[in-house]
Structures are given as structure tokens and as C-alpha cells.
file data09.cif (mmCIF, C-alpha atoms)
data_upload
loop_
_atom_site.label_atom_id
_atom_site.label_comp_id
_atom_site.auth_asym_id
_atom_site.auth_seq_id
_atom_site.Cartn_x
_atom_site.Cartn_y
_atom_site.Cartn_z
CA MET V 6 3.01 34.97 -25.35
CA LYS V 7 5.61 37.47 -24.14
CA PRO V 8 4.58 40.31 -26.52
CA THR V 9 0.92 39.74 -25.65
CA SER V 10 1.64 39.96 -21.92
CA ILE V 11 3.42 43.27 -22.50
CA LYS V 12 0.37 44.61 -24.34
CA ILE V 13 -1.78 43.72 -21.32
CA ILE V 14 0.61 45.66 -19.07
CA GLU V 15 0.52 48.62 -21.47
CA LYS V 16 -3.31 48.67 -21.41
CA LEU V 17 -3.39 48.67 -17.61
CA ARG V 18 -0.74 51.42 -17.50
CA ALA V 19 -2.70 53.52 -19.98
CA HIS V 20 -5.56 53.58 -17.45
CA GLY V 21 -3.29 54.81 -14.67
CA HIS V 22 -2.51 51.50 -12.94
CA GLN V 23 0.75 49.85 -11.94
CA ALA V 24 1.32 46.51 -13.66
CA TYR V 25 4.31 44.14 -13.65
CA TRP V 26 5.30 40.58 -14.42
CA ALA V 27 5.23 38.68 -11.14
CA GLY V 28 6.48 35.54 -9.45
CA GLY V 29 7.88 32.55 -11.30
CA CYS V 30 8.32 34.23 -14.68
CA VAL V 31 10.58 36.87 -13.10
CA ARG V 32 12.61 34.14 -11.41
CA ASP V 33 12.99 32.25 -14.68
CA ILE V 34 14.01 35.37 -16.63
CA LEU V 35 16.74 36.13 -14.09
CA LEU V 36 17.94 32.51 -14.28
CA GLY V 37 18.09 32.71 -18.07
CA TYR V 38 15.10 30.45 -18.79
CA GLU V 39 12.14 31.14 -21.05
CA PRO V 40 9.06 31.32 -18.79
CA ASN V 41 6.13 28.99 -19.45
CA ASP V 42 3.69 31.61 -18.17
CA TYR V 43 3.67 35.35 -17.67
CA ASP V 44 1.61 36.20 -14.60
CA ILE V 45 0.80 39.86 -14.08
CA ALA V 46 0.27 41.76 -10.83
CA THR V 47 -1.47 45.13 -10.87
CA SER V 48 -2.94 47.88 -8.72
CA ALA V 49 -6.18 47.63 -10.73
CA LYS V 50 -9.10 46.03 -8.88
CA PRO V 51 -10.81 42.97 -10.41
CA ASN V 52 -13.77 44.98 -11.70
CA GLU V 53 -11.39 47.47 -13.28
CA ILE V 54 -9.38 44.68 -14.92
CA GLU V 55 -12.58 43.32 -16.47
CA LYS V 56 -13.50 46.77 -17.84
CA ILE V 57 -10.04 47.50 -19.26
CA LEU V 58 -9.28 44.09 -20.78
CA GLU V 59 -11.37 42.02 -23.16
CA ASN V 60 -12.00 38.25 -23.01
CA THR V 61 -11.77 37.83 -19.25
CA LYS V 62 -12.94 35.03 -16.95
CA SER V 63 -13.58 35.42 -13.23
CA VAL V 64 -11.85 32.18 -12.25
CA GLY V 65 -10.47 33.53 -8.96
CA LYS V 66 -12.14 36.90 -8.60
CA GLU V 67 -12.75 36.41 -4.87
CA PHE V 68 -8.96 36.28 -4.48
CA GLY V 69 -8.36 39.19 -6.82
CA VAL V 70 -7.43 37.04 -9.83
CA ILE V 71 -8.85 37.48 -13.32
CA LEU V 72 -7.98 35.17 -16.23
CA VAL V 73 -7.36 37.05 -19.47
CA ILE V 74 -7.62 35.16 -22.76
CA GLU V 75 -5.62 36.52 -25.69
CA GLY V 76 -5.55 34.30 -28.76
CA LYS V 77 -4.21 30.87 -27.81
CA HIS V 78 -2.75 32.09 -24.52
CA SER V 79 -4.19 32.84 -21.10
CA PHE V 80 -2.75 35.11 -18.42
CA GLU V 81 -3.49 35.45 -14.73
CA VAL V 82 -3.88 39.12 -13.86
CA ALA V 83 -4.00 39.58 -10.08
CA THR V 84 -4.60 42.64 -7.95
CA PHE V 85 -1.91 43.47 -5.37
CA ARG V 86 -3.16 41.99 -2.10
CA SER V 87 -2.35 40.88 1.42
CA ASP V 88 -3.95 37.84 3.01
CA SER V 89 -5.62 37.28 6.36
CA GLY V 90 -6.03 33.87 7.99
CA TYR V 91 -5.58 30.43 6.42
CA SER V 92 -7.91 28.22 8.43
CA ASP V 93 -7.81 25.43 5.82
CA GLY V 94 -4.02 25.57 5.31
CA ARG V 95 -4.47 26.40 1.64
CA ARG V 96 -6.64 29.46 0.87
CA PRO V 97 -6.79 32.82 2.68
CA ASP V 98 -9.94 33.45 4.71
CA ALA V 99 -9.95 37.08 3.60
CA ILE V 100 -7.92 39.36 1.33
CA LEU V 101 -7.16 43.07 1.38
CA PHE V 102 -6.20 44.91 -1.78
CA THR V 103 -2.92 46.71 -1.18
CA ASP V 104 0.36 47.68 -2.91
CA ALA V 105 3.23 45.84 -4.60
CA LYS V 106 5.40 45.61 -1.47
CA GLU V 107 2.66 44.07 0.68
CA ASP V 108 1.82 41.70 -2.16
CA ALA V 109 5.45 40.53 -2.32
CA LEU V 110 5.59 39.95 1.45
CA ARG V 111 2.65 37.51 1.41
CA ARG V 112 4.23 35.21 -1.26
CA ASP V 113 6.03 31.92 -0.55
CA PHE V 114 9.74 32.04 -1.43
CA THR V 115 12.05 34.99 -2.00
CA ILE V 116 12.92 33.78 -5.50
CA ASN V 117 9.18 33.86 -6.35
CA GLY V 118 8.49 37.23 -4.73
CA MET V 119 9.91 39.67 -7.27
CA PHE V 120 8.28 41.91 -9.89
CA TYR V 121 9.66 42.96 -13.25
CA ASP V 122 8.70 45.97 -15.35
CA PRO V 123 9.24 44.95 -19.00
CA LEU V 124 8.68 48.52 -20.17
CA THR V 125 11.54 49.99 -18.12
CA ASP V 126 13.61 46.81 -17.57
CA GLU V 127 13.38 47.35 -13.81
CA ILE V 128 13.29 44.71 -11.05
CA LEU V 129 11.20 45.40 -7.95
CA ASP V 130 12.64 43.23 -5.19
CA TYR V 131 11.28 43.80 -1.69
CA VAL V 132 12.26 40.38 -0.33
CA GLY V 133 15.90 39.78 -1.28
CA GLY V 134 15.07 37.41 -4.09
CA GLN V 135 17.99 38.44 -6.31
CA LYS V 136 20.52 37.73 -3.54
CA ASP V 137 19.04 34.28 -2.94
CA LEU V 138 19.06 33.53 -6.67
CA ASP V 139 22.74 34.46 -6.80
CA ALA V 140 23.47 32.33 -3.70
CA GLY V 141 21.32 29.44 -4.89
CA LEU V 142 19.06 29.44 -1.82
CA ILE V 143 15.45 28.44 -1.22
CA ARG V 144 14.21 30.75 1.52
CA PHE V 145 10.70 31.40 2.79
CA ILE V 146 9.69 35.06 2.82
CA GLY V 147 9.48 36.34 6.40
CA ASN V 148 8.66 33.81 9.11
CA PRO V 149 9.04 30.32 7.56
CA HIS V 150 6.72 28.68 10.09
CA LYS V 151 3.98 31.19 9.27
CA ARG V 152 4.46 30.65 5.52
CA ILE V 153 4.02 26.89 5.93
CA LEU V 154 0.98 27.20 8.19
CA GLU V 155 -0.63 29.46 5.58
CA ASP V 156 -0.28 26.87 2.83
CA HIS V 157 0.87 23.32 3.58
CA LEU V 158 1.59 22.70 -0.11
CA ARG V 159 4.65 24.91 0.28
CA ILE V 160 6.40 22.00 2.02
CA LEU V 161 6.47 20.05 -1.24
CA ARG V 162 7.10 23.12 -3.38
CA ALA V 163 10.23 23.89 -1.37
CA VAL V 164 11.67 20.46 -2.19
CA ARG V 165 10.65 20.72 -5.81
CA PHE V 166 12.17 24.18 -6.36
CA LYS V 167 15.37 23.27 -4.51
CA ASN V 168 15.97 20.32 -6.83
CA GLN V 169 14.55 21.91 -9.98
CA PHE V 170 17.19 24.64 -9.78
CA ASP V 171 19.88 22.63 -7.98
CA PHE V 172 19.78 25.07 -5.04
CA GLN V 173 20.17 24.59 -1.28
CA TYR V 174 17.79 25.32 1.59
CA HIS V 175 18.29 28.34 3.80
CA PRO V 176 18.88 26.97 7.36
CA ASN V 177 15.66 28.50 8.73
CA THR V 178 13.67 27.11 5.80
CA TYR V 179 15.17 23.65 6.31
CA LYS V 180 14.31 23.65 10.04
CA ALA V 181 10.74 24.74 9.33
CA LEU V 182 10.30 21.99 6.74
CA LYS V 183 11.48 19.33 9.19
CA ASN V 184 9.32 20.73 12.02
CA HIS V 185 6.16 20.82 9.92
CA ALA V 186 6.65 17.81 7.60
CA VAL V 187 3.54 16.08 8.99
CA LEU V 188 1.33 18.89 7.66
CA VAL V 189 1.83 17.55 4.13
CA GLU V 190 -0.86 15.02 5.04
CA ASN V 191 -3.38 17.86 4.77
CA VAL V 192 -2.54 18.57 1.12
CA VAL V 193 -5.09 17.20 -1.35
CA ALA V 194 -3.94 14.12 -3.26
CA GLU V 195 -4.00 15.75 -6.68
CA ARG V 196 -1.58 18.51 -5.57
CA VAL V 197 0.76 15.98 -3.95
CA GLN V 198 0.72 13.96 -7.17
CA TYR V 199 1.49 17.05 -9.26
CA GLU V 200 4.51 18.02 -7.14
CA LEU V 201 5.88 14.46 -7.05
CA ASN V 202 5.51 14.18 -10.81
CA ARG V 203 7.45 17.41 -11.29
CA MET V 204 10.19 16.07 -9.02
CA ILE V 205 10.48 12.68 -10.70
CA GLU V 206 10.65 14.29 -14.14
CA GLY V 207 13.57 16.54 -13.14
CA LYS V 208 17.29 15.89 -13.57
CA ASN V 209 17.76 15.92 -9.78
CA ARG V 210 14.95 13.40 -9.27
CA THR V 211 17.03 11.08 -7.08
CA GLN V 212 18.11 13.88 -4.77
CA ALA V 213 14.51 15.11 -4.55
CA PHE V 214 13.39 11.76 -3.13
CA GLU V 215 16.43 11.69 -0.85
CA ASP V 216 15.32 15.11 0.44
CA LEU V 217 11.73 13.96 0.93
CA SER V 218 12.99 11.08 3.04
CA GLU V 219 15.64 12.98 4.98
CA ILE V 220 13.33 15.88 5.87
CA GLY V 221 10.60 13.47 6.99
CA ILE V 222 8.05 14.16 4.26
CA LEU V 223 8.16 10.87 2.34
CA GLY V 224 6.66 8.82 5.16
CA HIS V 225 3.56 11.00 5.01
CA VAL V 226 3.03 10.80 1.23
CA ILE V 227 4.50 7.41 0.16
CA PRO V 228 5.23 5.47 3.37
CA GLU V 229 5.67 2.28 1.33
CA LEU V 230 8.72 3.85 -0.31
CA GLU V 231 10.14 4.99 3.01
CA ASP V 232 9.87 1.35 4.19
CA LEU V 233 12.62 0.35 1.72
CA HIS V 234 15.22 1.79 4.09
CA GLY V 235 17.15 -0.92 5.88
CA VAL V 236 15.75 -3.83 3.85
CA PRO V 237 18.88 -5.92 3.09
CA GLN V 238 19.85 -7.52 -0.21
CA PRO V 239 22.06 -10.55 -0.92
CA LYS V 240 25.58 -9.13 -1.16
CA GLN V 241 26.68 -11.58 -3.81
CA TYR V 242 24.24 -9.88 -6.20
CA HIS V 243 23.76 -6.40 -4.70
CA GLN V 244 26.72 -4.53 -3.28
CA GLU V 245 25.14 -1.09 -3.69
CA GLY V 246 23.34 -1.25 -0.35
CA ASP V 247 19.79 -1.90 0.78
CA VAL V 248 16.61 -1.89 -1.34
CA TRP V 249 16.27 1.88 -0.88
CA ASP V 250 19.77 2.43 -2.25
CA HIS V 251 19.09 0.18 -5.22
CA SER V 252 15.74 1.81 -6.03
CA LEU V 253 17.23 5.30 -5.96
CA ARG V 254 20.13 4.18 -8.17
CA ALA V 255 17.66 2.70 -10.66
CA LEU V 256 15.74 5.97 -10.75
CA LYS V 257 18.96 7.89 -11.30
CA GLU V 258 19.96 5.61 -14.18
CA CYS V 259 16.77 6.34 -16.12
CA ASP V 260 17.32 8.32 -19.28
CA ASP V 261 16.29 11.93 -18.69
CA ASN V 262 13.98 11.66 -21.72
CA ALA V 263 12.29 8.48 -20.49
CA SER V 264 8.57 8.72 -19.85
CA ARG V 265 7.30 9.59 -16.41
CA ASP V 266 5.76 6.11 -16.16
CA VAL V 267 9.16 4.50 -16.78
CA LYS V 268 10.69 6.63 -14.03
CA TRP V 269 7.96 5.75 -11.54
CA ALA V 270 8.26 2.05 -12.42
CA SER V 271 12.05 2.18 -12.02
CA LEU V 272 11.67 3.74 -8.57
CA LEU V 273 8.90 1.38 -7.43
CA HIS V 274 9.86 -1.89 -9.14
CA ASP V 275 11.02 -3.51 -5.88
CA ILE V 276 8.58 -1.83 -3.50
CA GLY V 277 7.11 -5.23 -2.57
CA LYS V 278 10.40 -6.54 -1.17
CA PRO V 279 9.84 -5.51 2.48
CA ASP V 280 6.65 -7.61 2.56
CA THR V 281 8.25 -10.64 0.87
CA PHE V 282 11.63 -10.70 2.63
CA LYS V 283 12.70 -14.19 3.72
CA LEU V 284 15.99 -15.75 4.73
CA LYS V 285 16.38 -19.29 3.40
CA LYS V 286 19.72 -20.39 1.99
CA ARG V 287 20.10 -16.72 1.12
CA ILE V 288 17.96 -13.60 1.25
CA ARG V 289 14.94 -14.03 -1.02
CA TYR V 290 11.89 -12.03 -2.10
CA ASP V 291 9.67 -14.68 -3.66
CA HIS V 292 6.69 -13.20 -5.58
CA HIS V 293 7.81 -9.66 -4.86
CA VAL V 294 6.74 -8.49 -8.32
CA GLU V 295 3.12 -9.43 -7.63
CA ARG V 296 3.25 -7.64 -4.28
CA SER V 297 4.97 -4.64 -5.87
CA LYS V 298 2.16 -4.36 -8.40
CA GLU V 299 -0.43 -4.37 -5.60
CA ILE V 300 1.41 -1.63 -3.72
CA VAL V 301 1.73 0.49 -6.87
CA HIS V 302 -2.02 0.14 -7.29
CA ASP V 303 -2.55 1.40 -3.74
CA ILE V 304 -0.15 4.35 -4.10
CA PHE V 305 -1.44 5.51 -7.46
CA THR V 306 -5.06 5.15 -6.37
CA ARG V 307 -4.43 7.07 -3.14
CA LEU V 308 -2.65 9.90 -4.97
CA LYS V 309 -5.38 10.07 -7.67
CA PHE V 310 -3.12 9.27 -10.64
CA PRO V 311 -4.94 8.86 -13.96
CA LYS V 312 -6.03 5.26 -14.49
CA LYS V 313 -3.94 5.01 -17.68
CA ASP V 314 -0.74 5.89 -15.79
CA ARG V 315 -1.58 3.53 -12.93
CA LYS V 316 -2.18 0.61 -15.31
CA GLU V 317 1.06 1.27 -17.22
CA VAL V 318 3.24 1.45 -14.11
CA GLU V 319 1.55 -1.63 -12.64
CA TRP V 320 2.29 -3.56 -15.84
CA LEU V 321 5.92 -2.44 -15.97
CA VAL V 322 6.49 -3.34 -12.32
CA LEU V 323 4.74 -6.70 -12.60
CA HIS V 324 6.79 -7.77 -15.64
CA HIS V 325 10.21 -6.25 -14.93
CA MET V 326 11.61 -9.74 -14.14
CA ILE V 327 10.41 -11.26 -17.44
CA MET V 328 13.79 -10.51 -18.99
CA VAL V 329 15.44 -13.48 -17.28
CA PRO V 330 13.23 -16.16 -18.91
CA LEU V 331 12.74 -14.08 -22.06
CA VAL V 332 16.26 -14.75 -23.32
CA GLU V 333 15.54 -18.51 -23.47
CA MET V 334 11.93 -18.34 -24.76
CA PRO V 335 10.98 -20.00 -28.05
CA ASP V 336 10.67 -17.58 -30.96
CA GLY V 337 6.87 -17.43 -30.88
CA LYS V 338 6.62 -16.60 -27.19
CA ALA V 339 9.48 -14.09 -27.42
CA ARG V 340 7.94 -12.34 -30.42
CA LYS V 341 4.68 -12.02 -28.50
CA TRP V 342 6.55 -9.96 -25.89
CA PHE V 343 8.70 -8.02 -28.34
CA LEU V 344 5.68 -6.82 -30.32
CA LYS V 345 3.80 -5.48 -27.29
CA GLU V 346 3.22 -1.75 -27.59
CA ASN V 347 5.02 -0.89 -24.36
CA PHE V 348 7.86 -3.44 -24.55
CA LEU V 349 10.49 -0.76 -25.09
CA ASN V 350 9.31 0.96 -21.90
CA LEU V 351 9.81 -2.37 -20.13
CA MET V 352 13.32 -2.55 -21.59
CA GLN V 353 14.06 0.91 -20.18
CA VAL V 354 12.96 -0.21 -16.72
CA PHE V 355 15.11 -3.34 -17.04
CA GLU V 356 18.09 -1.24 -18.12
CA ALA V 357 17.67 1.13 -15.15
CA ASP V 358 17.29 -1.85 -12.80
CA ALA V 359 20.45 -3.50 -14.14
CA LYS V 360 22.48 -0.29 -13.97
CA GLY V 361 21.25 0.25 -10.41
CA ILE V 362 23.10 -2.88 -9.27
CA ILE V 363 26.73 -3.10 -8.16
CA PRO V 364 28.48 -4.94 -9.76
CA THR V 365 26.72 -3.92 -12.96
CA ASP V 366 26.25 -6.63 -15.58
CA MET V 367 24.50 -5.59 -18.80
CA SER V 368 25.11 -8.85 -20.70
CA LEU V 369 21.51 -10.08 -20.36
CA TYR V 370 20.15 -6.71 -21.42
CA ASP V 371 22.45 -6.67 -24.44
CA LYS V 372 21.36 -10.22 -25.48
CA ILE V 373 17.67 -9.34 -25.27
CA LEU V 374 18.16 -6.06 -27.11
CA ALA V 375 19.99 -7.83 -29.94
CA ARG V 376 17.27 -10.48 -30.17
CA TYR V 377 14.56 -7.80 -30.09
CA ARG V 378 16.17 -5.89 -32.95
CA ALA V 379 16.44 -9.03 -35.05
CA VAL V 380 12.79 -9.91 -34.44
CA VAL V 381 11.48 -6.41 -35.16
CA LYS V 382 13.53 -6.21 -38.34
CA ASP V 383 12.03 -9.52 -39.46
CA MET V 384 8.46 -8.76 -38.25
CA PRO V 385 8.03 -5.03 -37.53
CA VAL V 386 4.25 -5.14 -37.13
CA LYS V 387 2.23 -7.42 -34.90
CA PRO V 388 0.25 -9.65 -37.31
CA LYS V 389 -3.49 -10.21 -37.05
CA PRO V 390 -4.40 -13.69 -35.67
CA LEU V 391 -5.29 -16.19 -38.38
CA ILE V 392 -8.27 -17.66 -36.49
CA THR V 393 -10.80 -16.55 -33.90
CA GLY V 394 -12.33 -17.96 -30.76
CA ARG V 395 -15.46 -18.73 -32.77
CA ASP V 396 -13.38 -20.95 -35.07
CA VAL V 397 -12.01 -22.85 -32.08
CA MET V 398 -15.42 -23.40 -30.48
CA LYS V 399 -17.02 -24.48 -33.78
CA ILE V 400 -14.33 -26.95 -34.84
CA LEU V 401 -13.67 -28.46 -31.40
CA GLN V 402 -17.33 -28.26 -30.33
CA ILE V 403 -16.49 -26.63 -26.99
CA PRO V 404 -18.23 -23.78 -25.14
CA PRO V 405 -16.62 -20.40 -24.30
CA SER V 406 -13.96 -21.08 -21.70
CA GLU V 407 -10.42 -20.40 -20.58
CA LYS V 408 -9.35 -23.33 -22.75
CA VAL V 409 -10.36 -21.41 -25.89
CA GLY V 410 -8.00 -18.58 -24.97
CA LYS V 411 -5.13 -20.97 -24.29
CA ILE V 412 -5.61 -22.66 -27.66
CA LEU V 413 -5.68 -19.29 -29.43
CA ASP V 414 -2.48 -18.28 -27.63
CA GLU V 415 -0.71 -21.48 -28.65
CA ILE V 416 -1.67 -21.13 -32.30
CA TYR V 417 -0.78 -17.44 -32.33
CA GLU V 418 2.65 -18.19 -30.89
CA LYS V 419 3.20 -20.70 -33.71
CA GLN V 420 2.07 -17.99 -36.14
CA LEU V 421 4.60 -15.56 -34.67
CA ALA V 422 7.29 -18.24 -34.88
CA LYS V 423 6.30 -18.67 -38.58
CA GLU V 424 5.51 -22.34 -38.02
CA ILE V 425 1.94 -21.56 -39.15
CA LYS V 426 1.69 -19.06 -42.01
CA THR V 427 -1.88 -19.26 -43.37
CA ARG V 428 -5.43 -19.55 -42.07
CA ALA V 429 -5.74 -22.95 -43.75
CA GLN V 430 -2.68 -24.19 -41.86
CA ALA V 431 -4.08 -22.84 -38.60
CA LEU V 432 -7.43 -24.58 -39.11
CA SER V 433 -5.67 -27.80 -40.10
CA PHE V 434 -3.57 -27.66 -36.95
CA LEU V 435 -6.68 -27.01 -34.89
CA LYS V 436 -8.38 -30.11 -36.31
CA THR V 437 -5.58 -32.50 -35.38
CA LYS V 438 -6.80 -35.17 -32.99
CA SER V 439 -3.95 -34.74 -30.48
CA PHE V 440 -4.72 -31.03 -30.25
CA ALA V 441 -8.49 -31.52 -29.98
CA ASP V 442 -8.01 -33.91 -27.10
#
call {"tool": "encode", "arguments": {"input": "data09.cif", "output": "C-alpha cells"}}
result
Amino acid sequence: MKPTSIKIIEKLRAHGHQAYWAGGCVRDILLGYEPNDYDIATSAKPNEIEKILENTKSVGKEFGVILVIEGKHSFEVATFRSDSGYSDGRRPDAILFTDAKEDALRRDFTINGMFYDPLTDEILDYVGGQKDLDAGLIRFIGNPHKRILEDHLRILRAVRFKNQFDFQYHPNTYKALKNHAVLVENVVAERVQYELNRMIEGKNRTQAFEDLSEIGILGHVIPELEDLHGVPQPKQYHQEGDVWDHSLRALKECDDNASRDVKWASLLHDIGKPDTFKLKKRIRYDHHVERSKEIVHDIFTRLKFPKKDRKEVEWLVLHHMIMVPLVEMPDGKARKWFLKENFLNLMQVFEADAKGIIPTDMSLYDKILARYRAVVKDMPVKPKPLITGRDVMKILQIPPSEKVGKILDEIYEKQLAKEIKTRAQALSFLKTKSFAD
């Protein structure tokens, strides 16, 4: 990708135009990271870019952006521009083609506003980006209030970049974020989802959500999560603090390599507790897992998460308490859980939940893990059921019903427990009078 991007720059230069790497790739190079993309900024106009370069697509031509396809890679090649008016808080109403300095001044953060000439190894920094990189600061270019009003998404991007690079906010940037936090409600759901996913996948994921709450953003994107603040827990079991404190600790305890769904489930596993809080002999949250699943459904639907992700996180949240009865389950029932495709994800959520509690007690987790390993070693693949619903209905002379499913479950659990090993044994068991009744 890098050599190809340099060839694009060389072609534009050969036709008399300025051309540089721009934005995030320059930032990443200076931080010592390998960029995921190499965006290019140039003095060439869109029509000129299309004439000079082959395999182009006019994906953003009205904003001066041309997509260039080279082999398996694509590159955004954008004309230097300044913007005028952002009536929708996202896109400029009009653009004016200009020079590199003016183009830098209309960008979001100083660390994203630099250009790099790979042919001369020269940095073009009109906004003080190198100083802020060295100081570890997230700073809006120019007037921070104006930058936010131009594009409300920058509110979330500021939090994401700050935690992605383990930086701090410049004081003026921080004040502007707090003053304009409500504007995040104008950002389309898919973009909010994207930024939150990037935050929760990062190593500073816990601090990112702390920032969202402290700045006043979280209540506008996931108010249900903000509601965990101040919800008490029984001190004999939870000395780490309130439900918010526990949920953030659970998120922090997730393995960095855990799936995004596991991280979301770890953060949201107790999100139903505010609605189910009761004080009886002690603080209780009866049926909070069912309520948590409903709230996850609402959040993931509102933020336009893919259905597959929503279903997975709902399942993990709904069943995160199964570990308590699982340790005492008969072999058949336990094997049924152990052989589920996403059981190990559920174990990761349980581990994060347990480690998020003070005092931490991992004895139950260790017992279940040991039992799981023994079961998987003995039966690594989920076996095919020995009989079908048609067999049940034919032999017992009953119509399709919930009872058929329950009978199949019972026989399958005996199969998993190795109490029934053949189809003949399953049919014989099915025909027993006590069972038929």
C-alpha cells in the first residue's frame, strides 16, 4: 500500500501538482505506527485527478475527493480545500479549492492536520500538530467551538483519539466538549456505533467510558448506562462500589483480545439493575438478567448494530448468571451448555464479572472451567440427536406441541450424559409407559 501511494504522489507531481500524505497516516507515522490508510491531499482539481490517474471513482467529487483504486488497495485523493457553512452539523454547504495551509486549518485536530512529503521526507505542519503529539494533547484546530459546530461527530472522535493514544485534552478542547456534549444527539446512529466500537475495542476502553460520562456525552448516547451511577450493591458481596463501578471494572478485566461482543456484554451485563432494585432482607435485583437483555436489545437497535451482534450480546447478558447453577447440573444438562458454540464467550463474560468484584473469588469459575475441560476432552463435538420430533409424535401419537420439544430435550440430555447411546435405546426409552404418560 505504501509504495503504491508514493507512485500516486509521483504521478501528480509529474503533472506539476503538489501532493502529500495527509491526516491520520501522518500522525501514525510520527507516532511510530504503520498506517492503515494513506490519504493524499493535492493541488490538482478533481477533474485533473481523474485525467492523471487510472481506475478512479467519484465517490465524493462534490467535496473534492476522488477514490483511486490500485490493485487490492484504494486511496482517497482530495483537493486542497476550505469549507463554508455546516448547516447540517456534518457536511460543508460549500467548498472552495485552495492551498495546503488553508486545507490544514479546516481539519479537526492538530494531530490530524499535518502533511508529509514522502519524496523529500518533509513535514508540513501549519497547526502545531508535532508539538501536540510530543505533549500528548488532543487539541481542536483554531476555535474549538467552531470546529464542533461544523461537525458534531468530532465530539466522539475527540474522546476516541484521546484514549486511543493515551493522550490528554487541551483545556480549551475539554471545555468545548463539555459545553457542546448535547450536540452528539445529532450524530447519525451508525457513526455513534462506529466510534463506541472503536473505544470499547481499545486498551483504554474503561477510561473512554469514564470520559464519556464525565464530559456529559454518555447520557445522550447510552443513557441506560449512565443510570448505573449511584445504584448501590450489597457490601457483603460487592465492595468495589456501585453498579457503575462494577460494570467498568468488569469491562477493564476483559482480555484485550476478547471479541467486541464479549466486551459489550461485560459492560452491559448488569444494566437492568436500576429497574429491578429492591431492598428486602438485603439489596436484591430479582430478574435483572431478563431486564438487562431487554435494555441491550433497545440500545443495540437504537444504535443500528448488526442483528448478529445484538443477538450475541443479548444471549451473553441473559445467561451470565447460569454459572451458579451450572456447577451442580447433571452431566447431560451441563454438557448441553458446554457444547454450545458461544459457551467460551460466556465464560469470558463470567470471568470479567467475577474479577470485577471486590473481594474477588474465582473458585466457581475455576470449578466450571475444570469441568468444561473434562467434558470437552471426553466429547469434543456436539453429537447429532438420536431421534427426531417426528419419531416422538409417531410413537406417542401426539400432535406438534411444546411437549414434543421437552421430550426431545430430555432424551438428548440423557444422550449427552451417555445414559442413552444408540437410536434403539432412545426409541425404547420413548416407548416406556411412564414416559408416554
call {"tool": "residues_near_point", "arguments": {"input": "data09.cif", "point": "(5.7, 22.2, 1.5)", "cutoff": "10 Å", "atoms": "only C-alpha atoms", "output": "PyMOL selection string"}}
result
chain V and resi 113+152-154+156-165+181-182+185-189+192+197+200+222
call {"tool": "closest_residue", "arguments": {"input": "data09.cif", "among": "V:Glu407, V:Glu299, V:Glu39, V:Glu75", "to": "V:Asp275", "atoms": "only C-alpha atoms"}}
result
V:Glu299
call {"tool": "residues_around", "arguments": {"input": "data09.cif", "residues": "stretch 377-386 of chain V", "least_positions_apart": "2", "cutoff": "8 Å", "atoms": "all atoms listed in the file", "output": "list in words"}}
result
Arg340, Phe343, Leu344, Ile373, Leu374, Ala375 and Pro388 of chain V
call {"tool": "write_last_selection", "arguments": {"input": "data09.cif", "atoms": "C-alpha atoms", "output": "compact mmCIF listing (two decimals), in the coordinates of the input"}}
result
# COMPACT_ATOMS: atom_id res chain seq x y z
CA ARG V 340 7.94 -12.34 -30.42
CA PHE V 343 8.70 -8.02 -28.34
CA LEU V 344 5.68 -6.82 -30.32
CA ILE V 373 17.67 -9.34 -25.27
CA LEU V 374 18.16 -6.06 -27.11
CA ALA V 375 19.99 -7.83 -29.94
CA PRO V 388 0.25 -9.65 -37.31
call {"tool": "atom_distance", "arguments": {"input": "data09.cif", "atom1": "atom CA of V:Thr9", "atom2": "atom CA of V:Glu67"}}
result
25.1 Å
call {"tool": "residues_around", "arguments": {"input": "data09.cif", "residues": "stretch 130-135 of chain V", "least_positions_apart": "5", "cutoff": "12 Å", "atoms": "all atoms listed in the file", "output": "JSON, numbers by chain"}}
result
{"V": [25, 27, 28, 29, 31, 32, 33, 34, 35, 36, 104, 105, 106, 107, 108, 109, 110, 111, 112, 113, 114, 115, 116, 117, 118, 119, 120, 121, 122, 140, 141, 142, 143, 144, 145, 146, 147]}
call {"tool": "closest_residue", "arguments": {"input": "data09.cif", "among": "V:Lys312, V:Val82, V:Leu421, V:Pro237", "to": "V:Phe282", "atoms": "all atoms listed in the file"}}
result
V:Pro237
call {"tool": "atom_distance", "arguments": {"input": "data09.cif", "atom1": "atom CA of V:His292", "atom2": "atom CA of V:Gly277"}}
result
8.5 Å
call {"tool": "atom_distance", "arguments": {"input": "data09.cif", "atom1": "atom CA of V:Ile220", "atom2": "atom CA of V:Val301"}}
result
23.1 Å
call {"tool": "closest_residue", "arguments": {"input": "data09.cif", "among": "V:Thr84, V:Gln198, V:Ser63, V:Ser79", "to": "V:Lys50", "atoms": "all atoms listed in the file"}}
result
V:Thr84
call {"tool": "closest_residue", "arguments": {"input": "data09.cif", "among": "V:Val236, V:Ser10, V:Leu138, V:Asn52", "to": "V:Gly37", "atoms": "only C-alpha atoms"}}
result
V:Leu138
call {"tool": "closest_residue", "arguments": {"input": "data09.cif", "among": "V:Ser218, V:Asn347, V:Gln420, V:Thr365", "to": "V:His251", "atoms": "all atoms listed in the file"}}
result
V:Thr365
call {"tool": "decode", "arguments": {"input": "data09.cif", "residues": "stretch 391-406 of chain V", "atoms": "C-alpha atoms", "output": "compact mmCIF listing (two decimals), in the first residue's frame"}}
result
# COMPACT_ATOMS: atom_id res chain seq x y z
CA LEU V 391 -30.60 -39.93 18.03
CA ILE V 392 -34.31 -39.28 17.36
CA THR V 393 -36.47 -36.56 15.82
CA GLY V 394 -39.70 -34.82 16.67
CA ARG V 395 -41.41 -36.98 14.05
CA ASP V 396 -40.34 -40.08 15.99
CA VAL V 397 -41.84 -38.67 19.19
CA MET V 398 -45.16 -37.73 17.57
CA LYS V 399 -45.48 -41.10 15.79
CA ILE V 400 -44.67 -43.32 18.77
CA LEU V 401 -46.61 -41.33 21.39
CA GLN V 402 -49.43 -40.41 18.98
CA ILE V 403 -49.32 -36.72 19.91
CA PRO V 404 -49.58 -33.62 17.70
CA PRO V 405 -46.84 -30.98 17.28
CA SER V 406 -46.56 -29.16 20.60
